[in-house]
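Asks: File input_21.pdb below, PDB, C-alpha atoms:
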ATOM      1  CA  VAL H  20     108.885 101.230 100.797  1.00  0.00           C
ATOM      2  CA  LEU H  21     108.305  99.271  97.573  1.00  0.00           C
ATOM      3  CA  GLU H  22     106.866 102.355  95.910  1.00  0.00           C
ATOM      4  CA  VAL H  23     110.055 104.259  96.734  1.00  0.00           C
ATOM      5  CA  ASP H  24     112.745 101.658  96.074  1.00  0.00           C
ATOM      6  CA  LEU H  25     111.344  99.356  93.422  1.00  0.00           C
ATOM      7  CA  TYR H  26     111.485 101.747  90.483  1.00  0.00           C
ATOM      8  CA  LEU H  27     114.908 103.299  91.167  1.00  0.00           C
ATOM      9  CA  ALA H  28     116.590 101.155  88.508  1.00  0.00           C
ATOM     10  CA  SER H  29     113.941 102.248  86.005  1.00  0.00           C
ATOM     11  CA  PHE H  30     114.797 105.964  86.079  1.00  0.00           C
ATOM     12  CA  PRO H  31     116.700 105.904  82.736  1.00  0.00           C
ATOM     13  CA  ALA H  32     113.962 103.845  81.060  1.00  0.00           C
ATOM     14  CA  LEU H  33     111.235 106.135  82.428  1.00  0.00           C
ATOM     15  CA  ALA H  34     113.126 109.201  81.191  1.00  0.00           C
ATOM     16  CA  ARG H  35     113.271 107.698  77.694  1.00  0.00           C
ATOM     17  CA  ALA H  36     109.634 106.586  77.782  1.00  0.00           C
ATOM     18  CA  PHE H  37     108.319 110.041  78.727  1.00  0.00           C
ATOM     19  CA  SER H  38     110.973 112.015  76.780  1.00  0.00           C
ATOM     20  CA  VAL H  39     112.191 113.876  79.853  1.00  0.00           C
ATOM     21  CA  THR H  40     115.461 114.076  81.757  1.00  0.00           C
ATOM     22  CA  GLU H  41     116.340 111.712  84.598  1.00  0.00           C
ATOM     23  CA  SER H  42     116.257 114.685  86.967  1.00  0.00           C
ATOM     24  CA  SER H  43     112.594 115.165  86.007  1.00  0.00           C
ATOM     25  CA  ILE H  44     111.892 111.545  86.896  1.00  0.00           C
ATOM     26  CA  GLN H  45     113.737 112.148  90.139  1.00  0.00           C
ATOM     27  CA  GLN H  46     111.308 114.976  90.869  1.00  0.00           C
ATOM     28  CA  SER H  47     108.504 112.414  90.859  1.00  0.00           C
ATOM     29  CA  LEU H  48     110.195 110.847  93.867  1.00  0.00           C
ATOM     30  CA  SER H  49     110.451 114.233  95.604  1.00  0.00           C
ATOM     31  CA  ILE H  50     106.746 114.883  94.997  1.00  0.00           C
ATOM     32  CA  TYR H  51     105.877 111.415  96.294  1.00  0.00           C
ATOM     33  CA  LEU H  52     107.885 111.896  99.492  1.00  0.00           C
ATOM     34  CA  PHE H  53     106.450 115.381 100.087  1.00  0.00           C
ATOM     35  CA  ILE H  54     102.829 114.239  99.725  1.00  0.00           C
ATOM     36  CA  ILE H  55     103.291 111.113 101.814  1.00  0.00           C
ATOM     37  CA  ALA H  56     104.888 113.205 104.572  1.00  0.00           C
ATOM     38  CA  ILE H  57     101.854 115.506 104.668  1.00  0.00           C
ATOM     39  CA  PHE H  58      99.266 112.736 104.380  1.00  0.00           C
ATOM     40  CA  THR H  59     100.952 110.718 107.131  1.00  0.00           C
ATOM     41  CA  LEU H  60      99.993 113.509 109.545  1.00  0.00           C
ATOM     42  CA  LEU H  61      96.352 113.317 108.447  1.00  0.00           C
ATOM     43  CA  ILE H  62      95.820 109.572 108.239  1.00  0.00           C
ATOM     44  CA  GLY H  63      95.535 109.159 112.024  1.00  0.00           C
ATOM     45  CA  PRO H  64      92.747 111.739 112.497  1.00  0.00           C
ATOM     46  CA  LEU H  65      90.984 110.472 109.359  1.00  0.00           C
ATOM     47  CA  SER H  66      91.023 106.893 110.636  1.00  0.00           C
ATOM     48  CA  ASP H  67      89.771 108.106 114.026  1.00  0.00           C
ATOM     49  CA  ARG H  68      86.798 109.710 112.295  1.00  0.00           C
ATOM     50  CA  PHE H  69      85.914 107.093 109.656  1.00  0.00           C
ATOM     51  CA  GLY H  70      87.408 103.885 111.094  1.00  0.00           C
ATOM     52  CA  ARG H  71      90.782 102.212 110.528  1.00  0.00           C
ATOM     53  CA  LYS H  72      89.612  99.568 108.064  1.00  0.00           C
ATOM     54  CA  LYS H  73      87.557 101.904 105.889  1.00  0.00           C
ATOM     55  CA  VAL H  74      90.380 104.427 105.578  1.00  0.00           C
ATOM     56  CA  PHE H  75      92.949 101.677 104.971  1.00  0.00           C
ATOM     57  CA  LEU H  76      90.879 100.107 102.164  1.00  0.00           C
ATOM     58  CA  SER H  77      90.121 103.487 100.579  1.00  0.00           C
ATOM     59  CA  SER H  78      93.774 104.507 100.658  1.00  0.00           C
ATOM     60  CA  LEU H  79      94.927 101.238  99.120  1.00  0.00           C
ATOM     61  CA  PHE H  80      92.339 101.641  96.347  1.00  0.00           C
ATOM     62  CA  ILE H  81      93.623 105.164  95.598  1.00  0.00           C
ATOM     63  CA  ASP H  82      97.149 103.760  95.614  1.00  0.00           C
ATOM     64  CA  TRP H  83      96.114 101.067  93.103  1.00  0.00           C
ATOM     65  CA  ILE H  84      94.406 103.619  90.835  1.00  0.00           C
ATOM     66  CA  GLY H  85      97.613 105.671  90.825  1.00  0.00           C
ATOM     67  CA  THR H  86      99.628 102.633  89.749  1.00  0.00           C
ATOM     68  CA  LEU H  87      97.170 101.807  86.946  1.00  0.00           C
ATOM     69  CA  LEU H  88      97.329 105.410  85.727  1.00  0.00           C
ATOM     70  CA  ILE H  89     101.130 105.188  85.560  1.00  0.00           C
ATOM     71  CA  LEU H  90     100.905 101.964  83.554  1.00  0.00           C
ATOM     72  CA  ILE H  91      98.490 103.263  80.927  1.00  0.00           C
ATOM     73  CA  THR H  92      99.599 106.867  80.478  1.00  0.00           C
ATOM     74  CA  LYS H  93     102.106 108.184  77.955  1.00  0.00           C
ATOM     75  CA  ASN H  94     101.995 111.683  79.418  1.00  0.00           C
ATOM     76  CA  PHE H  95     104.595 112.744  81.975  1.00  0.00           C
ATOM     77  CA  GLU H  96     102.192 115.052  83.822  1.00  0.00           C
ATOM     78  CA  LEU H  97      99.767 112.159  84.305  1.00  0.00           C
ATOM     79  CA  PHE H  98     102.683 110.028  85.484  1.00  0.00           C
ATOM     80  CA  ILE H  99     103.264 112.631  88.210  1.00  0.00           C
ATOM     81  CA  VAL H 100      99.550 112.536  89.074  1.00  0.00           C
ATOM     82  CA  GLY H 101      99.813 108.764  89.383  1.00  0.00           C
ATOM     83  CA  ARG H 102     102.754 109.078  91.751  1.00  0.00           C
ATOM     84  CA  ALA H 103     100.806 111.612  93.814  1.00  0.00           C
ATOM     85  CA  LEU H 104      97.881 109.180  94.093  1.00  0.00           C
ATOM     86  CA  GLN H 105     100.317 106.459  95.157  1.00  0.00           C
ATOM     87  CA  ALA H 106     101.580 108.764  97.896  1.00  0.00           C
ATOM     88  CA  PHE H 107      98.068 109.280  99.273  1.00  0.00           C
ATOM     89  CA  GLY H 108      97.647 105.526  99.445  1.00  0.00           C
ATOM     90  CA  GLY H 109     101.125 104.909 100.776  1.00  0.00           C
ATOM     91  CA  GLY H 110     100.526 107.214 103.731  1.00  0.00           C
ATOM     92  CA  ALA H 111      98.026 104.765 105.184  1.00  0.00           C
ATOM     93  CA  GLY H 112     100.401 101.842 104.689  1.00  0.00           C
ATOM     94  CA  SER H 113     103.101 103.583 106.705  1.00  0.00           C
ATOM     95  CA  VAL H 114     100.864 104.442 109.685  1.00  0.00           C
ATOM     96  CA  LEU H 115      97.883 102.135 110.091  1.00  0.00           C
ATOM     97  CA  PRO H 116      99.674  98.746 110.364  1.00  0.00           C
ATOM     98  CA  ARG H 117     101.404  99.920 113.539  1.00  0.00           C
ATOM     99  CA  VAL H 118      98.196 101.380 114.948  1.00  0.00           C
ATOM    100  CA  LEU H 119      96.221  98.227 114.163  1.00  0.00           C
ATOM    101  CA  ALA H 120      98.935  96.020 115.675  1.00  0.00           C
ATOM    102  CA  LYS H 121      98.581  97.879 118.976  1.00  0.00           C
ATOM    103  CA  GLU H 122      94.788  97.923 118.938  1.00  0.00           C
ATOM    104  CA  LEU H 123      94.098  94.381 117.729  1.00  0.00           C
ATOM    105  CA  PHE H 124      96.950  92.677 119.612  1.00  0.00           C
ATOM    106  CA  PRO H 125      97.516  94.793 122.739  1.00  0.00           C
ATOM    107  CA  LYS H 126      99.360  91.999 124.545  1.00  0.00           C
ATOM    108  CA  GLY H 127     101.442  90.953 121.550  1.00  0.00           C
ATOM    109  CA  SER H 128     102.181  94.361 120.050  1.00  0.00           C
ATOM    110  CA  SER H 129     105.628  94.420 121.666  1.00  0.00           C
ATOM    111  CA  LYS H 130     106.533  91.503 119.399  1.00  0.00           C
ATOM    112  CA  ALA H 131     104.397  92.412 116.389  1.00  0.00           C
ATOM    113  CA  ILE H 132     105.801  95.911 115.860  1.00  0.00           C
ATOM    114  CA  PRO H 133     109.501  94.855 115.891  1.00  0.00           C
ATOM    115  CA  ALA H 134     108.597  92.076 113.442  1.00  0.00           C
ATOM    116  CA  LEU H 135     106.899  94.689 111.254  1.00  0.00           C
ATOM    117  CA  PHE H 136     109.998  96.879 111.236  1.00  0.00           C
ATOM    118  CA  THR H 137     112.174  93.857 110.475  1.00  0.00           C
ATOM    119  CA  GLY H 138     110.045  93.243 107.388  1.00  0.00           C
ATOM    120  CA  ILE H 139     110.397  96.893 106.385  1.00  0.00           C
ATOM    121  CA  SER H 140     114.171  96.678 106.777  1.00  0.00           C
ATOM    122  CA  PHE H 141     114.377  93.630 104.536  1.00  0.00           C
ATOM    123  CA  SER H 142     112.169  95.292 101.921  1.00  0.00           C
ATOM    124  CA  ILE H 143     114.455  98.350 101.908  1.00  0.00           C
ATOM    125  CA  ILE H 144     117.396  96.076 101.106  1.00  0.00           C
ATOM    126  CA  LEU H 145     115.680  93.771  98.625  1.00  0.00           C
ATOM    127  CA  ALA H 146     113.397  96.172  96.716  1.00  0.00           C
ATOM    128  CA  PRO H 147     116.140  97.942  94.676  1.00  0.00           C
ATOM    129  CA  ILE H 148     117.707  94.574  93.774  1.00  0.00           C
ATOM    130  CA  LEU H 149     114.348  93.112  92.772  1.00  0.00           C
ATOM    131  CA  GLY H 150     113.507  96.267  90.835  1.00  0.00           C
ATOM    132  CA  GLY H 151     116.755  96.031  88.879  1.00  0.00           C
ATOM    133  CA  MET H 152     116.109  92.384  87.988  1.00  0.00           C
ATOM    134  CA  ILE H 153     112.575  93.159  86.841  1.00  0.00           C
ATOM    135  CA  GLU H 154     113.808  96.161  84.863  1.00  0.00           C
ATOM    136  CA  GLU H 155     116.269  93.989  82.937  1.00  0.00           C
ATOM    137  CA  SER H 156     113.595  91.419  82.078  1.00  0.00           C
ATOM    138  CA  TRP H 157     110.371  93.411  81.544  1.00  0.00           C
ATOM    139  CA  ASP H 158     111.359  97.091  81.370  1.00  0.00           C
ATOM    140  CA  TRP H 159     109.884  99.667  83.757  1.00  0.00           C
ATOM    141  CA  HIS H 160     106.313  98.414  83.314  1.00  0.00           C
ATOM    142  CA  GLY H 161     107.199  95.224  85.169  1.00  0.00           C
ATOM    143  CA  ASN H 162     107.910  97.066  88.423  1.00  0.00           C
ATOM    144  CA  PHE H 163     104.582  98.849  88.389  1.00  0.00           C
ATOM    145  CA  ILE H 164     102.702  95.690  87.405  1.00  0.00           C
ATOM    146  CA  LEU H 165     104.241  94.023  90.454  1.00  0.00           C
ATOM    147  CA  LEU H 166     103.143  96.990  92.570  1.00  0.00           C
ATOM    148  CA  ALA H 167      99.585  96.759  91.229  1.00  0.00           C
ATOM    149  CA  LEU H 168      99.426  93.045  92.035  1.00  0.00           C
ATOM    150  CA  PHE H 169     100.856  93.598  95.512  1.00  0.00           C
ATOM    151  CA  GLN H 170      98.416  96.436  96.214  1.00  0.00           C
ATOM    152  CA  GLY H 171      95.485  94.276  95.140  1.00  0.00           C
ATOM    153  CA  PHE H 172      96.700  91.394  97.314  1.00  0.00           C
ATOM    154  CA  LEU H 173      97.170  93.723 100.280  1.00  0.00           C
ATOM    155  CA  TRP H 174      93.663  95.162  99.788  1.00  0.00           C
ATOM    156  CA  LEU H 175      92.218  91.654  99.951  1.00  0.00           C
ATOM    157  CA  LEU H 176      94.228  90.873 103.085  1.00  0.00           C
ATOM    158  CA  VAL H 177      92.924  93.992 104.833  1.00  0.00           C
ATOM    159  CA  TRP H 178      89.354  93.342 103.655  1.00  0.00           C
ATOM    160  CA  LYS H 179      89.347  89.709 104.823  1.00  0.00           C
ATOM    161  CA  GLY H 180      91.743  89.774 107.737  1.00  0.00           C
ATOM    162  CA  ILE H 181      91.028  92.968 109.666  1.00  0.00           C
ATOM    163  CA  PRO H 182      87.767  93.297 111.601  1.00  0.00           C
ATOM    164  CA  LYS H 183      85.597  96.348 111.082  1.00  0.00           C
ATOM    165  CA  THR H 184      86.774  99.142 113.334  1.00  0.00           C
ATOM    166  CA  PRO H 185      84.234 101.774 114.436  1.00  0.00           C
ATOM    167  CA  PRO H 186      85.117 105.486 114.382  1.00  0.00           C
ATOM    168  CA  ILE H 187      86.648 106.863 117.550  1.00  0.00           C
ATOM    169  CA  THR H 188      85.443 110.440 117.024  1.00  0.00           C
ATOM    170  CA  SER H 189      82.333 111.888 115.371  1.00  0.00           C
ATOM    171  CA  SER H 190      84.065 114.728 113.517  1.00  0.00           C
ATOM    172  CA  PHE H 191      87.231 115.572 111.615  1.00  0.00           C
ATOM    173  CA  SER H 192      88.827 119.009 111.811  1.00  0.00           C
ATOM    174  CA  LEU H 193      92.087 120.093 110.197  1.00  0.00           C
ATOM    175  CA  THR H 194      92.332 122.909 112.715  1.00  0.00           C
ATOM    176  CA  ASP H 195      92.024 120.564 115.695  1.00  0.00           C
ATOM    177  CA  SER H 196      94.518 118.165 114.129  1.00  0.00           C
ATOM    178  CA  ALA H 197      96.994 121.005 113.603  1.00  0.00           C
ATOM    179  CA  LYS H 198      96.555 122.179 117.204  1.00  0.00           C
ATOM    180  CA  ARG H 199      97.197 118.672 118.561  1.00  0.00           C
ATOM    181  CA  PHE H 200     100.268 118.360 116.341  1.00  0.00           C
ATOM    182  CA  VAL H 201     101.699 121.684 117.546  1.00  0.00           C
ATOM    183  CA  LYS H 202     100.941 120.714 121.143  1.00  0.00           C
ATOM    184  CA  SER H 203     102.760 117.395 120.733  1.00  0.00           C
ATOM    185  CA  LEU H 204     105.817 119.209 119.372  1.00  0.00           C
ATOM    186  CA  LYS H 205     106.157 120.970 122.717  1.00  0.00           C
ATOM    187  CA  LEU H 206     106.982 117.647 124.398  1.00  0.00           C
ATOM    188  CA  ALA H 207     110.750 117.476 124.825  1.00  0.00           C
ATOM    189  CA  GLU H 208     110.819 113.661 124.835  1.00  0.00           C
ATOM    190  CA  LEU H 209     108.925 113.520 121.544  1.00  0.00           C
ATOM    191  CA  ARG H 210     111.296 116.021 119.923  1.00  0.00           C
ATOM    192  CA  TYR H 211     114.296 114.024 121.135  1.00  0.00           C
ATOM    193  CA  LEU H 212     113.036 110.617 120.019  1.00  0.00           C
ATOM    194  CA  GLY H 213     111.507 112.002 116.839  1.00  0.00           C
ATOM    195  CA  GLY H 214     114.775 113.733 115.999  1.00  0.00           C
ATOM    196  CA  ILE H 215     116.677 110.445 116.270  1.00  0.00           C
ATOM    197  CA  VAL H 216     114.218 108.703 113.948  1.00  0.00           C
ATOM    198  CA  ALA H 217     114.255 111.644 111.532  1.00  0.00           C
ATOM    199  CA  ILE H 218     118.058 111.634 111.296  1.00  0.00           C
ATOM    200  CA  ALA H 219     118.123 107.876 110.752  1.00  0.00           C
ATOM    201  CA  TRP H 220     115.506 107.975 107.997  1.00  0.00           C
ATOM    202  CA  SER H 221     117.005 111.073 106.368  1.00  0.00           C
ATOM    203  CA  GLY H 222     120.125 109.066 105.509  1.00  0.00           C
ATOM    204  CA  PHE H 223     117.962 106.450 103.802  1.00  0.00           C
ATOM    205  CA  PHE H 224     115.990 108.997 101.794  1.00  0.00           C
ATOM    206  CA  ILE H 225     119.134 110.884 100.763  1.00  0.00           C
ATOM    207  CA  PHE H 226     120.468 107.597  99.395  1.00  0.00           C
ATOM    208  CA  VAL H 227     117.176 106.826  97.642  1.00  0.00           C
ATOM    209  CA  HIS H 228     117.014 110.292  96.109  1.00  0.00           C
ATOM    210  CA  SER H 229     120.627 110.231  94.887  1.00  0.00           C
ATOM    211  CA  ALA H 230     121.205 106.589  93.969  1.00  0.00           C
ATOM    212  CA  PRO H 231     119.607 106.639  90.488  1.00  0.00           C
ATOM    213  CA  LEU H 232     121.925 109.443  89.380  1.00  0.00           C
ATOM    214  CA  LEU H 233     125.050 107.999  91.025  1.00  0.00           C
ATOM    215  CA  ILE H 234     124.833 104.347  89.991  1.00  0.00           C
TER
END
Kindly return the structure encoded in the file as structure tokens.

Replies:
Amino acid sequence: VLEVDLYLASFPALARAFSVTESSIQQSLSIYLFIIAIFTLLIGPLSDRFGRKKVFLSSLFIDWIGTLLILITKNFELFIVGRALQAFGGGAGSVLPRVLAKELFPKGSSKAIPALFTGISFSIILAPILGGMIEESWDWHGNFILLALFQGFLWLLVWKGIPKTPPITSSFSLTDSAKRFVKSLKLAELRYLGGIVAIAWSGFFIFVHSAPLLI
């Protein structure tokens, strides 16, 4: 959520820094959301094959590399590449915490997962405000420096705090993953519940996508 909301106030500054229009900077958000949507579908099978912790740490490292690339580059195309790398890392952060909460705390997951979503809700509210304050004080670099520090801190937390998780399967197949996904779509209950969540989140992402040009 931080990677989506935190830099919204920096759109005008980013447009000036890379000599592009604000709509071009807005496209970086579209690319980020598209990639994270695709990678979210793959992160589960990947973590089944290689282990939750290993995939989580690798994804966070890719995320961190993307942030560093954004901070050092003066090229807009490389900025987009950095955002794409952040999306690959962000996909793990949106999926694996919930999976790990269920697997590591099976008896307490009914309390852990609502607490996790409460934290996400607060970050959705606070991130744009925090991003605007940082933008006023340290320009757009400040928001990405904060992201880099947070990603590094989160990597250390996962490395120290999560036990090593063995792979569940011995192979990874995109074809098998696609077949399981299509099969799950045939479940009426999943379509109903998933549709409710999709509609709720679509309102948030429409706001995120439009806010920088409206405010």

Asks: Could you list as a ChimeraX atom specification every residue that has an atom within 9 Å of (114.4, 98.9, 86.0), using the file's coordinates and counting only C-alpha atoms?

Replies: /H:25-33,147,149-162

Asks: Go ahead and write the residues just picked, C-alpha atoms, as a PDB file, in the frame of the given file.

Replies:
ATOM      1  CA  LEU H  25     111.344  99.356  93.422  1.00  0.00           C
ATOM      2  CA  TYR H  26     111.485 101.747  90.483  1.00  0.00           C
ATOM      3  CA  LEU H  27     114.908 103.299  91.167  1.00  0.00           C
ATOM      4  CA  ALA H  28     116.590 101.155  88.508  1.00  0.00           C
ATOM      5  CA  SER H  29     113.941 102.248  86.005  1.00  0.00           C
ATOM      6  CA  PHE H  30     114.797 105.964  86.079  1.00  0.00           C
ATOM      7  CA  PRO H  31     116.700 105.904  82.736  1.00  0.00           C
ATOM      8  CA  ALA H  32     113.962 103.845  81.060  1.00  0.00           C
ATOM      9  CA  LEU H  33     111.235 106.135  82.428  1.00  0.00           C
ATOM     10  CA  PRO H 147     116.140  97.942  94.676  1.00  0.00           C
ATOM     11  CA  LEU H 149     114.348  93.112  92.772  1.00  0.00           C
ATOM     12  CA  GLY H 150     113.507  96.267  90.835  1.00  0.00           C
ATOM     13  CA  GLY H 151     116.755  96.031  88.879  1.00  0.00           C
ATOM     14  CA  MET H 152     116.109  92.384  87.988  1.00  0.00           C
ATOM     15  CA  ILE H 153     112.575  93.159  86.841  1.00  0.00           C
ATOM     16  CA  GLU H 154     113.808  96.161  84.863  1.00  0.00           C
ATOM     17  CA  GLU H 155     116.269  93.989  82.937  1.00  0.00           C
ATOM     18  CA  SER H 156     113.595  91.419  82.078  1.00  0.00           C
ATOM     19  CA  TRP H 157     110.371  93.411  81.544  1.00  0.00           C
ATOM     20  CA  ASP H 158     111.359  97.091  81.370  1.00  0.00           C
ATOM     21  CA  TRP H 159     109.884  99.667  83.757  1.00  0.00           C
ATOM     22  CA  HIS H 160     106.313  98.414  83.314  1.00  0.00           C
ATOM     23  CA  GLY H 161     107.199  95.224  85.169  1.00  0.00           C
ATOM     24  CA  ASN H 162     107.910  97.066  88.423  1.00  0.00           C
TER      25      ASN H 162
END

Asks: Under the rule that all atoms listed in the file are counted, which of H:Arg35, H:Lys198, H:Arg210, H:Arg71 is the nearest residue to H:Ala120?

Replies: H:Arg71

Asks: Do you have the atom CA of H:Leu97-atom CA of H:Leu175 distance handy?

Replies: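 Computing it gives 26.9 Å between the two atoms.
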
Asks: Applied to the shown file, which residues does the PyMOL selection byres ((chain H and resi 183) around 6) return, written as a compact mmCIF listing (two decimals) with C-alpha atoms, in the frame of the given file?

Replies:
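So the final result, stored in part-v4.txt, reads:
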# COMPACT_ATOMS: atom_id res chain seq x y z
CA LYS H 72 89.61 99.57 108.06
CA PRO H 182 87.77 93.30 111.60
CA THR H 184 86.77 99.14 113.33

Asks: Separation of atom CA of H:Val201 and atom CA of H:Asp67, in Å?

Replies: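 That distance, rounded to one decimal, is 18.4 Å.
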
Asks: Report the distance between atom CA of H:Leu52 and atom CA of H:Thr86 in Å, rounded to one decimal place.

Replies: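 Those two atoms sit 15.8 Å apart.
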